[in-house]
Amino acid sequence: MIEFTDVTKEYGQKKAVNNISFKINKGEIIGLLGPNGAGKSTTMNILTGYIAPTYGTVTVNGYSMINEPQKARKAIGYLPENPPLYMEMTVIDYLKFVYDIKGCTEPKDTHIDEIMKLVKIKDVEKRLIKNLSKGYKQRIGLAGAMIGNPEILILDEPTVGLDPQQITEIRDIIKKLGRERTVIVSSHILSEISEICQRIIIINKGQIIANSSIANIKQNIAQAQDNTVVAEFIGDREQIVFMLKNIEGVEKIKISKNGQYTLIITEDIREKLFHECVKNNITILTMYIKQLTLEEIFLQLTTNERNETNV
Amino acid sequence: MFKILNREFNAYFTSPVGYIFLGFTLILSGWFFSSMNLFYQSADMYGFFSNLQIIFIFLVPLLTMRLIAEDRRTKVDQLLLTSPLSITEIVLGKFLAAFSLFLVAMAVMCFYPLIINIYGKVNFEVFISMLIGFVLLGAALISVGLFISSLTESQITSAIVSFVIMLVFWLSEWLASVIGVKFISKAILWFSVIYRYKEFTIGVLDFSTLIFYISFTALFLFFTIQSIDNKRWN
(Lines give C-alpha, C1' and ligand atoms only; values in the text may rest on other atoms or scores of the structure.)
Protein backbone atom coordinates (compact mmCIF):
# COMPACT_ATOMS: atom_id res chain seq x y z
CA MET A 1 0.00 0.00 0.00
CA ILE A 2 2.77 2.46 0.94
CA GLU A 3 6.36 2.03 -0.18
CA PHE A 4 9.01 4.38 1.05
CA THR A 5 12.24 3.53 -0.77
CA ASP A 6 15.71 4.94 -0.04
CA VAL A 7 14.29 8.32 0.90
CA THR A 8 16.64 11.13 1.86
CA LYS A 9 15.68 14.72 2.58
CA GLU A 10 18.45 17.27 2.76
CA TYR A 11 18.15 20.81 4.09
CA GLY A 12 21.47 22.31 3.04
CA GLN A 13 24.13 20.15 4.68
CA LYS A 14 21.70 18.61 7.17
CA LYS A 15 19.98 15.34 6.39
CA ALA A 16 16.58 15.44 8.09
CA VAL A 17 15.84 11.94 6.77
CA ASN A 18 18.72 9.75 5.72
CA ASN A 19 18.15 6.90 3.29
CA ILE A 20 15.15 5.31 4.95
CA SER A 21 12.95 2.58 3.51
CA PHE A 22 9.83 0.82 4.78
CA LYS A 23 6.62 -0.74 3.57
CA ILE A 24 3.18 -0.45 5.09
CA ASN A 25 0.47 -2.92 4.22
CA LYS A 26 -3.25 -2.38 4.03
CA GLY A 27 -5.02 -2.35 7.39
CA GLU A 28 -1.90 -1.95 9.54
CA ILE A 29 -1.70 0.54 12.40
CA ILE A 30 1.86 1.81 12.43
CA GLY A 31 3.54 3.91 15.07
CA LEU A 32 6.28 6.23 13.94
CA LEU A 33 8.34 6.79 17.03
CA GLY A 34 11.33 8.94 17.77
CA PRO A 35 12.55 11.79 19.94
CA ASN A 36 11.80 15.39 18.95
CA GLY A 37 13.74 16.34 15.83
CA ALA A 38 14.29 12.71 14.80
CA GLY A 39 12.70 13.16 11.37
CA LYS A 40 9.15 11.92 12.02
CA SER A 41 7.36 15.01 10.73
CA THR A 42 9.67 15.20 7.70
CA THR A 43 8.88 11.56 6.95
CA MET A 44 5.15 12.24 7.23
CA ASN A 45 5.38 15.38 5.12
CA ILE A 46 7.17 13.42 2.41
CA LEU A 47 4.63 10.61 2.70
CA THR A 48 1.75 13.02 2.14
CA GLY A 49 3.47 14.89 -0.69
CA TYR A 50 3.73 18.17 1.24
CA ILE A 51 7.47 18.16 0.64
CA ALA A 52 9.43 16.22 -1.94
CA PRO A 53 12.35 13.96 -1.06
CA THR A 54 15.85 14.93 -2.24
CA TYR A 55 16.42 11.30 -3.23
CA GLY A 56 14.27 8.19 -3.21
CA THR A 57 10.71 7.32 -4.12
CA VAL A 58 7.37 7.18 -2.35
CA THR A 59 4.43 5.27 -3.77
CA VAL A 60 0.90 5.08 -2.41
CA ASN A 61 -1.38 2.43 -3.90
CA GLY A 62 1.10 2.10 -6.76
CA TYR A 63 1.03 5.83 -7.60
CA SER A 64 4.27 7.77 -7.30
CA MET A 65 3.97 10.76 -4.98
CA ILE A 66 6.31 12.66 -7.31
CA ASN A 67 4.93 11.75 -10.73
CA GLU A 68 1.24 11.26 -9.93
CA PRO A 69 0.78 13.23 -6.71
CA GLN A 70 -2.94 13.94 -7.12
CA LYS A 71 -3.82 10.26 -7.51
CA ALA A 72 -1.54 9.27 -4.63
CA ARG A 73 -2.94 11.96 -2.31
CA LYS A 74 -6.53 10.88 -2.93
CA ALA A 75 -5.96 7.89 -0.66
CA ILE A 76 -4.53 9.95 2.19
CA GLY A 77 -6.05 11.91 5.05
CA TYR A 78 -3.44 13.94 6.91
CA LEU A 79 -3.47 15.58 10.31
CA PRO A 80 -0.19 17.51 10.69
CA GLU A 81 1.29 18.36 14.09
CA ASN A 82 -0.48 21.75 14.02
CA PRO A 83 -3.95 21.18 12.55
CA PRO A 84 -4.24 23.24 9.33
CA LEU A 85 -7.35 25.25 10.21
CA TYR A 86 -8.79 28.48 8.89
CA MET A 87 -9.43 30.22 12.17
CA GLU A 88 -11.97 32.69 10.79
CA MET A 89 -14.27 29.91 9.52
CA THR A 90 -16.95 28.07 11.42
CA VAL A 91 -16.40 24.36 12.02
CA ILE A 92 -19.08 23.28 9.55
CA ASP A 93 -17.88 25.69 6.83
CA TYR A 94 -14.32 24.46 7.25
CA LEU A 95 -15.34 20.82 6.94
CA LYS A 96 -17.46 21.60 3.88
CA PHE A 97 -14.46 23.35 2.33
CA VAL A 98 -12.25 20.32 3.03
CA TYR A 99 -14.96 18.08 1.51
CA ASP A 100 -15.00 20.25 -1.61
CA ILE A 101 -11.24 20.42 -2.18
CA LYS A 102 -10.92 16.67 -1.68
CA GLY A 103 -13.52 16.10 -4.40
CA CYS A 104 -15.47 13.63 -2.25
CA THR A 105 -18.37 11.62 -3.61
CA GLU A 106 -20.15 10.71 -0.37
CA PRO A 107 -23.43 12.54 0.38
CA LYS A 108 -22.03 15.81 1.73
CA ASP A 109 -24.23 16.67 4.72
CA THR A 110 -24.64 13.09 5.99
CA HIS A 111 -20.93 12.33 5.64
CA ILE A 112 -19.80 15.48 7.46
CA ASP A 113 -22.45 14.93 10.13
CA GLU A 114 -21.25 11.36 10.78
CA ILE A 115 -17.66 12.48 11.16
CA MET A 116 -18.59 15.33 13.48
CA LYS A 117 -20.50 12.90 15.69
CA LEU A 118 -17.60 10.43 15.70
CA VAL A 119 -15.04 13.02 16.81
CA LYS A 120 -17.56 14.77 19.07
CA ILE A 121 -17.58 18.25 17.57
CA LYS A 122 -21.24 18.39 16.58
CA ASP A 123 -22.00 20.73 19.49
CA VAL A 124 -19.60 23.38 18.15
CA GLU A 125 -20.37 23.09 14.43
CA LYS A 126 -21.54 26.69 14.11
CA ARG A 127 -18.79 28.26 16.18
CA LEU A 128 -15.71 30.02 14.81
CA ILE A 129 -12.67 27.76 15.01
CA LYS A 130 -10.52 30.53 16.53
CA ASN A 131 -12.76 30.59 19.62
CA LEU A 132 -12.40 26.87 20.38
CA SER A 133 -10.02 25.06 22.73
CA LYS A 134 -6.89 23.20 21.61
CA GLY A 135 -8.69 19.88 22.12
CA TYR A 136 -11.52 20.89 19.82
CA LYS A 137 -9.09 22.23 17.21
CA GLN A 138 -7.25 18.91 17.25
CA ARG A 139 -10.52 17.04 16.74
CA ILE A 140 -11.55 19.36 13.91
CA GLY A 141 -8.18 18.65 12.27
CA LEU A 142 -8.82 14.93 12.72
CA ALA A 143 -12.31 15.32 11.22
CA GLY A 144 -10.75 17.12 8.24
CA ALA A 145 -8.33 14.24 7.75
CA MET A 146 -11.21 11.74 7.87
CA ILE A 147 -13.35 13.50 5.28
CA GLY A 148 -13.73 11.47 2.12
CA ASN A 149 -13.08 8.22 4.04
CA PRO A 150 -9.42 8.00 2.94
CA GLU A 151 -7.88 4.53 3.00
CA ILE A 152 -4.82 5.86 4.81
CA LEU A 153 -4.82 8.18 7.80
CA ILE A 154 -1.57 9.90 8.72
CA LEU A 155 -1.62 11.55 12.14
CA ASP A 156 1.38 13.54 13.30
CA GLU A 157 1.55 13.72 17.11
CA PRO A 158 -2.25 13.83 17.42
CA THR A 159 -2.29 14.12 21.21
CA VAL A 160 0.37 16.78 21.75
CA GLY A 161 -0.79 19.58 24.04
CA LEU A 162 -4.00 17.87 25.09
CA ASP A 163 -5.10 17.19 28.65
CA PRO A 164 -5.26 13.56 29.88
CA GLN A 165 -9.00 13.23 29.21
CA GLN A 166 -8.64 14.60 25.69
CA ILE A 167 -5.68 12.26 25.07
CA THR A 168 -7.80 9.25 26.04
CA GLU A 169 -10.63 10.42 23.79
CA ILE A 170 -8.34 10.94 20.77
CA ARG A 171 -6.68 7.55 21.36
CA ASP A 172 -10.09 5.85 21.44
CA ILE A 173 -11.05 7.53 18.17
CA ILE A 174 -7.78 6.42 16.53
CA LYS A 175 -8.35 2.85 17.75
CA LYS A 176 -11.83 2.92 16.20
CA LEU A 177 -10.48 4.29 12.92
CA GLY A 178 -7.77 1.64 12.84
CA ARG A 179 -10.40 -1.10 12.52
CA GLU A 180 -11.21 -0.02 8.98
CA ARG A 181 -8.19 1.88 7.70
CA THR A 182 -4.42 1.96 7.51
CA VAL A 183 -3.29 4.38 10.19
CA ILE A 184 0.15 5.87 10.72
CA VAL A 185 0.58 7.70 14.02
CA SER A 186 3.69 9.52 15.09
CA SER A 187 4.65 10.24 18.67
CA HIS A 188 7.65 10.65 20.90
CA ILE A 189 5.88 8.77 23.67
CA LEU A 190 6.30 5.02 23.43
CA SER A 191 3.49 4.09 25.82
CA GLU A 192 1.05 5.99 23.61
CA ILE A 193 2.18 4.19 20.47
CA SER A 194 2.27 0.80 22.19
CA GLU A 195 -1.38 1.20 23.17
CA ILE A 196 -2.59 1.88 19.66
CA CYS A 197 -0.19 0.30 17.16
CA GLN A 198 0.62 -3.18 15.92
CA ARG A 199 4.03 -2.29 14.54
CA ILE A 200 6.46 0.49 15.34
CA ILE A 201 9.11 2.18 13.26
CA ILE A 202 11.64 3.93 15.45
CA ILE A 203 13.45 6.84 13.84
CA ASN A 204 16.44 8.59 15.32
CA LYS A 205 18.60 11.24 13.68
CA GLY A 206 16.84 10.67 10.37
CA GLN A 207 17.44 6.92 10.27
CA ILE A 208 15.30 3.89 11.05
CA ILE A 209 16.75 2.05 14.01
CA ALA A 210 13.95 -0.46 14.53
CA ASN A 211 10.99 -1.63 12.46
CA SER A 212 9.02 -4.45 14.00
CA SER A 213 6.15 -5.33 16.33
CA ILE A 214 6.49 -4.04 19.87
CA ALA A 215 6.75 -7.61 21.19
CA ASN A 216 9.57 -8.41 18.74
CA ILE A 217 11.55 -5.31 19.53
CA LYS A 218 11.19 -5.97 23.24
CA GLN A 219 12.23 -9.59 22.83
CA ASN A 220 15.28 -8.74 20.74
CA ILE A 221 16.46 -6.13 23.16
CA ALA A 222 15.67 -8.39 26.10
CA GLN A 223 17.78 -11.19 24.60
CA ALA A 224 20.63 -8.78 24.22
CA GLN A 225 20.12 -7.64 27.78
CA ASP A 226 20.03 -11.16 29.34
CA ASN A 227 23.77 -10.88 29.61
CA THR A 228 23.63 -7.82 31.83
CA VAL A 229 23.75 -7.80 35.60
CA VAL A 230 23.25 -4.61 37.55
CA ALA A 231 24.73 -4.41 41.05
CA GLU A 232 25.41 -1.90 43.82
CA PHE A 233 28.02 -2.33 46.55
CA ILE A 234 29.36 -0.67 49.67
CA GLY A 235 33.13 -0.77 49.74
CA ASP A 236 36.33 0.45 48.21
CA ARG A 237 35.83 1.02 44.47
CA GLU A 238 39.26 -0.34 43.46
CA GLN A 239 38.76 -3.45 45.59
CA ILE A 240 35.31 -4.01 44.05
CA VAL A 241 36.63 -3.62 40.48
CA PHE A 242 39.55 -5.97 41.26
CA MET A 243 37.12 -8.53 42.66
CA LEU A 244 34.76 -8.26 39.67
CA LYS A 245 37.60 -8.61 37.16
CA ASN A 246 38.61 -11.86 38.79
CA ILE A 247 35.19 -13.44 38.56
CA GLU A 248 34.99 -15.89 35.70
CA GLY A 249 32.19 -14.92 33.31
CA VAL A 250 32.47 -11.14 33.70
CA GLU A 251 33.33 -9.70 30.30
CA LYS A 252 32.96 -5.98 30.79
CA ILE A 253 32.35 -3.63 33.71
CA LYS A 254 30.68 -0.26 33.47
CA ILE A 255 30.28 2.09 36.41
CA SER A 256 27.63 4.77 36.31
CA LYS A 257 27.98 8.16 38.02
CA ASN A 258 25.62 7.09 40.82
CA GLY A 259 27.88 4.14 41.65
CA GLN A 260 25.84 1.46 39.93
CA TYR A 261 27.82 -1.36 38.31
CA THR A 262 26.64 -2.84 35.02
CA LEU A 263 28.35 -6.14 34.27
CA ILE A 264 28.32 -7.70 30.83
CA ILE A 265 28.49 -11.44 31.48
CA THR A 266 28.94 -14.62 29.51
CA GLU A 267 27.21 -16.78 32.11
CA ASP A 268 25.06 -16.24 35.21
CA ILE A 269 27.55 -15.01 37.83
CA ARG A 270 25.15 -14.01 40.56
CA GLU A 271 25.98 -16.89 42.92
CA LYS A 272 29.72 -16.49 42.42
CA LEU A 273 29.44 -12.75 42.91
CA PHE A 274 27.58 -13.23 46.18
CA HIS A 275 30.29 -15.59 47.56
CA GLU A 276 33.11 -13.29 46.40
CA CYS A 277 31.50 -10.34 48.16
CA VAL A 278 31.28 -12.33 51.39
CA LYS A 279 34.91 -13.44 51.01
CA ASN A 280 36.13 -9.87 50.37
CA ASN A 281 33.89 -8.36 53.05
CA ILE A 282 32.03 -6.19 50.53
CA THR A 283 28.40 -5.39 51.19
CA ILE A 284 26.13 -6.04 48.26
CA LEU A 285 23.04 -3.82 48.12
CA THR A 286 21.47 -4.77 44.80
CA MET A 287 21.97 -7.49 42.24
CA TYR A 288 19.63 -8.33 39.37
CA ILE A 289 19.57 -9.31 35.71
CA LYS A 290 18.45 -6.25 33.82
CA GLN A 291 14.91 -6.30 32.38
CA LEU A 292 14.21 -3.25 30.23
CA THR A 293 10.89 -1.46 30.28
CA LEU A 294 9.44 -0.20 26.99
CA GLU A 295 10.58 3.32 27.77
CA GLU A 296 14.12 2.09 28.51
CA ILE A 297 14.18 0.19 25.22
CA PHE A 298 13.21 3.37 23.43
CA LEU A 299 15.87 5.35 25.27
CA GLN A 300 18.40 2.60 24.65
CA LEU A 301 17.72 2.77 20.94
CA THR A 302 17.59 6.52 20.61
CA THR A 303 20.21 7.70 23.10
CA ASN A 304 23.84 7.28 22.32
CA GLU A 305 25.22 9.21 25.24
CA ARG A 306 25.32 7.44 28.60
CA ASN A 307 26.54 8.50 31.99
CA GLU A 308 28.69 5.41 32.31
CA THR A 309 32.42 4.73 32.48
CA ASN A 310 33.97 1.59 31.06
CA VAL A 311 36.50 -0.06 33.37
CA MET B 1 -10.07 25.94 -8.26
CA PHE B 2 -13.52 27.51 -7.75
CA LYS B 3 -13.64 26.19 -4.18
CA ILE B 4 -10.41 28.04 -3.42
CA LEU B 5 -11.75 31.14 -5.19
CA ASN B 6 -14.94 30.98 -3.16
CA ARG B 7 -13.14 30.53 0.17
CA GLU B 8 -10.57 33.23 -0.46
CA PHE B 9 -13.19 35.68 -1.71
CA ASN B 10 -15.31 35.10 1.40
CA ALA B 11 -12.19 35.42 3.56
CA TYR B 12 -11.81 39.04 2.40
CA PHE B 13 -15.06 39.76 4.22
CA THR B 14 -14.31 37.81 7.40
CA SER B 15 -11.38 40.19 7.94
CA PRO B 16 -11.23 43.99 7.49
CA VAL B 17 -9.20 43.65 4.23
CA GLY B 18 -12.16 43.39 1.84
CA TYR B 19 -13.99 46.28 3.50
CA ILE B 20 -10.86 48.47 3.58
CA PHE B 21 -10.14 47.76 -0.09
CA LEU B 22 -13.68 48.45 -1.29
CA GLY B 23 -14.18 51.33 1.13
CA PHE B 24 -11.01 53.19 0.13
CA THR B 25 -11.60 52.49 -3.57
CA LEU B 26 -15.14 53.83 -3.46
CA ILE B 27 -14.39 56.85 -1.29
CA LEU B 28 -11.31 57.90 -3.26
CA SER B 29 -12.77 57.18 -6.70
CA GLY B 30 -15.88 59.13 -5.69
CA TRP B 31 -13.70 62.01 -4.56
CA PHE B 32 -11.63 61.94 -7.80
CA PHE B 33 -14.81 61.81 -9.86
CA SER B 34 -16.37 64.72 -7.98
CA SER B 35 -13.26 66.89 -8.00
CA MET B 36 -12.06 66.14 -11.55
CA ASN B 37 -15.21 65.49 -13.51
CA LEU B 38 -18.17 66.96 -11.73
CA PHE B 39 -16.46 70.05 -10.35
CA TYR B 40 -14.73 70.95 -13.64
CA GLN B 41 -17.70 69.65 -15.69
CA SER B 42 -15.33 67.47 -17.70
CA ALA B 43 -16.26 64.26 -19.48
CA ASP B 44 -12.61 63.20 -19.89
CA MET B 45 -11.84 60.35 -17.49
CA TYR B 46 -8.08 60.17 -18.15
CA GLY B 47 -7.21 62.04 -14.95
CA PHE B 48 -9.65 59.93 -12.97
CA PHE B 49 -8.01 56.65 -13.99
CA SER B 50 -4.49 58.08 -13.63
CA ASN B 51 -5.15 58.97 -10.02
CA LEU B 52 -6.79 55.63 -9.44
CA GLN B 53 -3.52 53.95 -10.49
CA ILE B 54 -1.72 55.52 -7.54
CA ILE B 55 -4.42 54.29 -5.17
CA PHE B 56 -4.13 50.75 -6.49
CA ILE B 57 -0.35 50.77 -5.99
CA PHE B 58 -1.23 50.95 -2.27
CA LEU B 59 -4.37 48.81 -2.33
CA VAL B 60 -3.32 45.84 -4.49
CA PRO B 61 -0.56 44.77 -2.03
CA LEU B 62 -3.25 44.86 0.67
CA LEU B 63 -5.29 42.49 -1.44
CA THR B 64 -2.51 40.01 -2.19
CA MET B 65 -0.28 40.16 0.91
CA ARG B 66 -1.90 37.33 2.86
CA LEU B 67 -2.98 35.06 0.00
CA ILE B 68 -0.04 32.64 0.21
CA ALA B 69 2.18 34.13 2.95
CA GLU B 70 -0.48 33.68 5.64
CA ASP B 71 -1.21 30.09 4.58
CA ARG B 72 2.48 29.32 4.90
CA ARG B 73 2.82 31.04 8.30
CA THR B 74 -0.18 29.23 9.78
CA LYS B 75 0.74 25.98 7.97
CA VAL B 76 -2.71 25.82 6.36
CA ASP B 77 -0.82 25.23 3.13
CA GLN B 78 -0.39 21.66 4.45
CA LEU B 79 -4.12 21.18 3.92
CA LEU B 80 -4.06 22.54 0.37
CA LEU B 81 -0.80 20.99 -0.80
CA THR B 82 -1.70 17.53 0.51
CA SER B 83 -5.18 17.64 -1.06
CA PRO B 84 -5.82 16.29 -4.55
CA LEU B 85 -5.72 19.87 -5.90
CA SER B 86 -2.80 20.82 -8.13
CA ILE B 87 -0.64 23.84 -7.30
CA THR B 88 -1.94 25.50 -10.49
CA GLU B 89 -5.53 25.18 -9.26
CA ILE B 90 -4.58 26.62 -5.87
CA VAL B 91 -2.71 29.58 -7.38
CA LEU B 92 -5.43 30.31 -9.95
CA GLY B 93 -8.12 30.11 -7.26
CA LYS B 94 -6.29 32.63 -5.10
CA PHE B 95 -5.53 34.91 -8.05
CA LEU B 96 -9.15 34.86 -9.20
CA ALA B 97 -10.39 35.64 -5.68
CA ALA B 98 -8.29 38.83 -5.55
CA PHE B 99 -9.14 39.65 -9.15
CA SER B 100 -12.87 39.17 -8.48
CA LEU B 101 -12.76 41.68 -5.64
CA PHE B 102 -10.86 44.05 -7.92
CA LEU B 103 -13.61 43.57 -10.55
CA VAL B 104 -16.29 44.38 -7.99
CA ALA B 105 -14.55 47.73 -7.43
CA MET B 106 -14.22 48.21 -11.18
CA ALA B 107 -17.92 47.50 -11.68
CA VAL B 108 -18.73 50.53 -9.54
CA MET B 109 -16.52 52.67 -11.83
CA CYS B 110 -18.92 51.92 -14.67
CA PHE B 111 -21.56 54.13 -13.03
CA TYR B 112 -19.45 57.28 -13.26
CA PRO B 113 -19.65 57.75 -17.07
CA LEU B 114 -23.41 57.08 -16.82
CA ILE B 115 -23.69 59.98 -14.37
CA ILE B 116 -21.68 62.23 -16.71
CA ASN B 117 -23.84 61.13 -19.60
CA ILE B 118 -26.92 62.62 -17.92
CA TYR B 119 -25.39 66.12 -18.18
CA GLY B 120 -22.94 65.80 -21.07
CA LYS B 121 -21.47 63.48 -23.65
CA VAL B 122 -19.06 60.71 -22.76
CA ASN B 123 -16.76 59.09 -25.30
CA PHE B 124 -17.72 55.54 -24.36
CA GLU B 125 -15.19 53.97 -26.73
CA VAL B 126 -12.30 55.66 -24.91
CA PHE B 127 -13.88 54.88 -21.53
CA ILE B 128 -14.25 51.18 -22.39
CA SER B 129 -10.68 51.10 -23.67
CA MET B 130 -9.45 52.68 -20.42
CA LEU B 131 -11.58 50.31 -18.36
CA ILE B 132 -10.27 47.23 -20.21
CA GLY B 133 -6.75 48.55 -19.79
CA PHE B 134 -7.32 49.15 -16.10
CA VAL B 135 -8.71 45.64 -15.60
CA LEU B 136 -5.66 44.16 -17.36
CA LEU B 137 -3.37 46.40 -15.32
CA GLY B 138 -5.13 45.20 -12.15
CA ALA B 139 -4.65 41.55 -13.16
CA ALA B 140 -0.95 42.17 -13.82
CA LEU B 141 -0.41 43.94 -10.48
CA ILE B 142 -2.32 41.22 -8.59
CA SER B 143 -0.17 38.52 -10.23
CA VAL B 144 2.98 40.38 -9.08
CA GLY B 145 1.58 40.73 -5.54
CA LEU B 146 0.62 37.05 -5.48
CA PHE B 147 4.11 36.05 -6.55
CA ILE B 148 5.69 38.18 -3.80
CA SER B 149 3.27 36.64 -1.28
CA SER B 150 4.57 33.20 -2.28
CA LEU B 151 8.13 34.18 -1.38
CA THR B 152 7.61 35.00 2.29
CA GLU B 153 5.71 33.97 5.42
CA SER B 154 5.20 37.57 6.49
CA GLN B 155 2.20 39.53 5.25
CA ILE B 156 3.93 42.83 6.05
CA THR B 157 7.06 41.91 4.05
CA SER B 158 4.85 40.76 1.20
CA ALA B 159 2.91 44.04 1.21
CA ILE B 160 6.01 46.26 1.42
CA VAL B 161 7.94 44.44 -1.33
CA SER B 162 4.87 44.40 -3.60
CA PHE B 163 4.35 48.11 -2.98
CA VAL B 164 8.00 48.91 -3.81
CA ILE B 165 7.84 46.92 -7.06
CA MET B 166 4.60 48.62 -8.08
CA LEU B 167 6.10 51.99 -7.19
CA VAL B 168 9.03 51.21 -9.49
CA PHE B 169 6.53 50.42 -12.27
CA TRP B 170 4.81 53.75 -11.60
CA LEU B 171 8.12 55.62 -11.63
CA SER B 172 9.34 53.78 -14.73
CA GLU B 173 8.99 56.78 -17.03
CA TRP B 174 11.06 58.92 -14.68
CA LEU B 175 13.59 56.10 -14.17
CA ALA B 176 13.96 55.61 -17.92
CA SER B 177 14.69 59.32 -18.40
CA VAL B 178 17.17 59.41 -15.49
CA ILE B 179 19.14 56.35 -16.66
CA GLY B 180 19.69 57.86 -20.08
CA VAL B 181 21.00 54.65 -21.69
CA LYS B 182 18.61 54.20 -24.57
CA PHE B 183 18.53 50.42 -24.56
CA ILE B 184 17.90 50.14 -20.80
CA SER B 185 15.36 52.99 -20.82
CA LYS B 186 13.48 51.29 -23.61
CA ALA B 187 13.51 47.95 -21.78
CA ILE B 188 12.20 49.59 -18.58
CA LEU B 189 9.34 51.26 -20.44
CA TRP B 190 8.54 48.09 -22.39
CA PHE B 191 8.31 46.08 -19.18
CA SER B 192 6.40 48.66 -17.13
CA VAL B 193 2.77 47.65 -16.86
CA ILE B 194 1.82 51.11 -15.67
CA TYR B 195 3.60 53.02 -18.47
CA ARG B 196 2.07 50.77 -21.11
CA TYR B 197 -1.39 51.50 -19.74
CA LYS B 198 -1.11 54.92 -21.43
CA GLU B 199 -1.93 53.27 -24.75
CA PHE B 200 -5.43 52.51 -23.50
CA THR B 201 -6.09 56.10 -22.45
CA ILE B 202 -6.12 57.31 -26.06
CA GLY B 203 -8.77 54.75 -26.92
CA VAL B 204 -6.44 52.36 -28.75
CA LEU B 205 -6.94 48.65 -28.10
CA ASP B 206 -3.68 47.38 -29.56
CA PHE B 207 -3.53 43.59 -29.87
CA SER B 208 0.16 43.44 -28.91
CA THR B 209 -0.54 45.43 -25.72
CA LEU B 210 -3.39 43.09 -24.80
CA ILE B 211 -1.08 40.12 -25.36
CA PHE B 212 1.61 41.85 -23.28
CA TYR B 213 -0.70 42.21 -20.27
CA ILE B 214 -2.07 38.68 -20.54
CA SER B 215 1.46 37.24 -20.93
CA PHE B 216 2.77 39.36 -18.06
CA THR B 217 0.01 38.08 -15.76
CA ALA B 218 0.47 34.48 -16.91
CA LEU B 219 4.25 34.74 -16.41
CA PHE B 220 3.91 35.88 -12.79
CA LEU B 221 1.29 33.21 -12.08
CA PHE B 222 3.76 30.70 -13.50
CA PHE B 223 6.50 32.13 -11.24
CA THR B 224 4.13 31.76 -8.27
CA ILE B 225 3.46 28.10 -9.10
CA GLN B 226 7.20 27.49 -9.47
CA SER B 227 7.93 29.30 -6.22
CA ILE B 228 5.51 27.05 -4.29
CA ASP B 229 6.76 23.93 -6.02
CA ASN B 230 10.40 24.86 -5.38
CA LYS B 231 9.70 25.19 -1.66
CA ARG B 232 8.51 21.57 -1.67
CA TRP B 233 11.82 20.47 -3.14
CA ASN B 234 14.21 22.63 -1.13
# chains A, B, ... in the order shown; residues from 1 in each chain; ligands from 1

call {"tool": "interface_residues", "arguments": {"of": "chain B", "to": "chain A", "cutoff": "10 Å", "atoms": "only C-alpha atoms", "output": "MDAnalysis selection string"}}
result
chainID B and resid 1:4 6:7 10:11 14:15 71 74:86 90 229:234

call {"tool": "residues_around", "arguments": {"residues": "range 40-44 of chain B", "least_positions_apart": "6", "cutoff": "8 Å", "atoms": "only C-alpha atoms", "output": "JSON list (two decimals) with N, CA, C and O atoms, in the first residue's frame"}}
result
[["chain", "number", "residue", "atom", "x", "y", "z"],
["B", 113, "PRO", "N", -19.34, 57.17, -15.75],
["B", 113, "PRO", "CA", -19.65, 57.75, -17.07],
["B", 113, "PRO", "C", -21.15, 57.89, -17.31],
["B", 113, "PRO", "O", -21.60, 58.80, -18.00],
["B", 116, "ILE", "N", -22.11, 61.13, -15.83],
["B", 116, "ILE", "CA", -21.68, 62.23, -16.71],
["B", 116, "ILE", "C", -22.62, 62.34, -17.90],
["B", 116, "ILE", "O", -22.99, 63.43, -18.33],
["B", 120, "GLY", "N", -23.80, 65.50, -19.93],
["B", 120, "GLY", "CA", -22.94, 65.80, -21.07],
["B", 120, "GLY", "C", -22.79, 64.60, -21.98],
["B", 120, "GLY", "O", -23.63, 63.69, -21.97],
["B", 121, "LYS", "N", -21.67, 64.57, -22.70],
["B", 121, "LYS", "CA", -21.47, 63.48, -23.65],
["B", 121, "LYS", "C", -20.14, 62.78, -23.32],
["B", 121, "LYS", "O", -19.09, 63.42, -23.26],
["B", 122, "VAL", "N", -20.25, 61.50, -23.09],
["B", 122, "VAL", "CA", -19.06, 60.71, -22.76],
["B", 122, "VAL", "C", -18.61, 59.95, -23.99],
["B", 122, "VAL", "O", -19.45, 59.40, -24.72],
["B", 123, "ASN", "N", -17.28, 59.93, -24.21],
["B", 123, "ASN", "CA", -16.76, 59.09, -25.30],
["B", 123, "ASN", "C", -16.63, 57.67, -24.74],
["B", 123, "ASN", "O", -15.64, 57.32, -24.09]]

call {"tool": "select_by_dssp", "arguments": {"residues": "range 101-221 of chain A", "states": "helix (DSSP H, G or I)", "output": "ChimeraX atom specification"}}
result
/A:101-102,108-118,122-124,129-131,134-146,164-177,190-196,214-221

call {"tool": "residues_around", "arguments": {"residues": "range 167-182 of chain A", "least_positions_apart": "3", "cutoff": "10 Å", "atoms": "only C-alpha atoms", "output": "PyMOL selection string"}}
result
chain A and resi 1-2+24-30+76+118-120+135+138-139+142+146+149-155+158-164+185+192-193+195-197
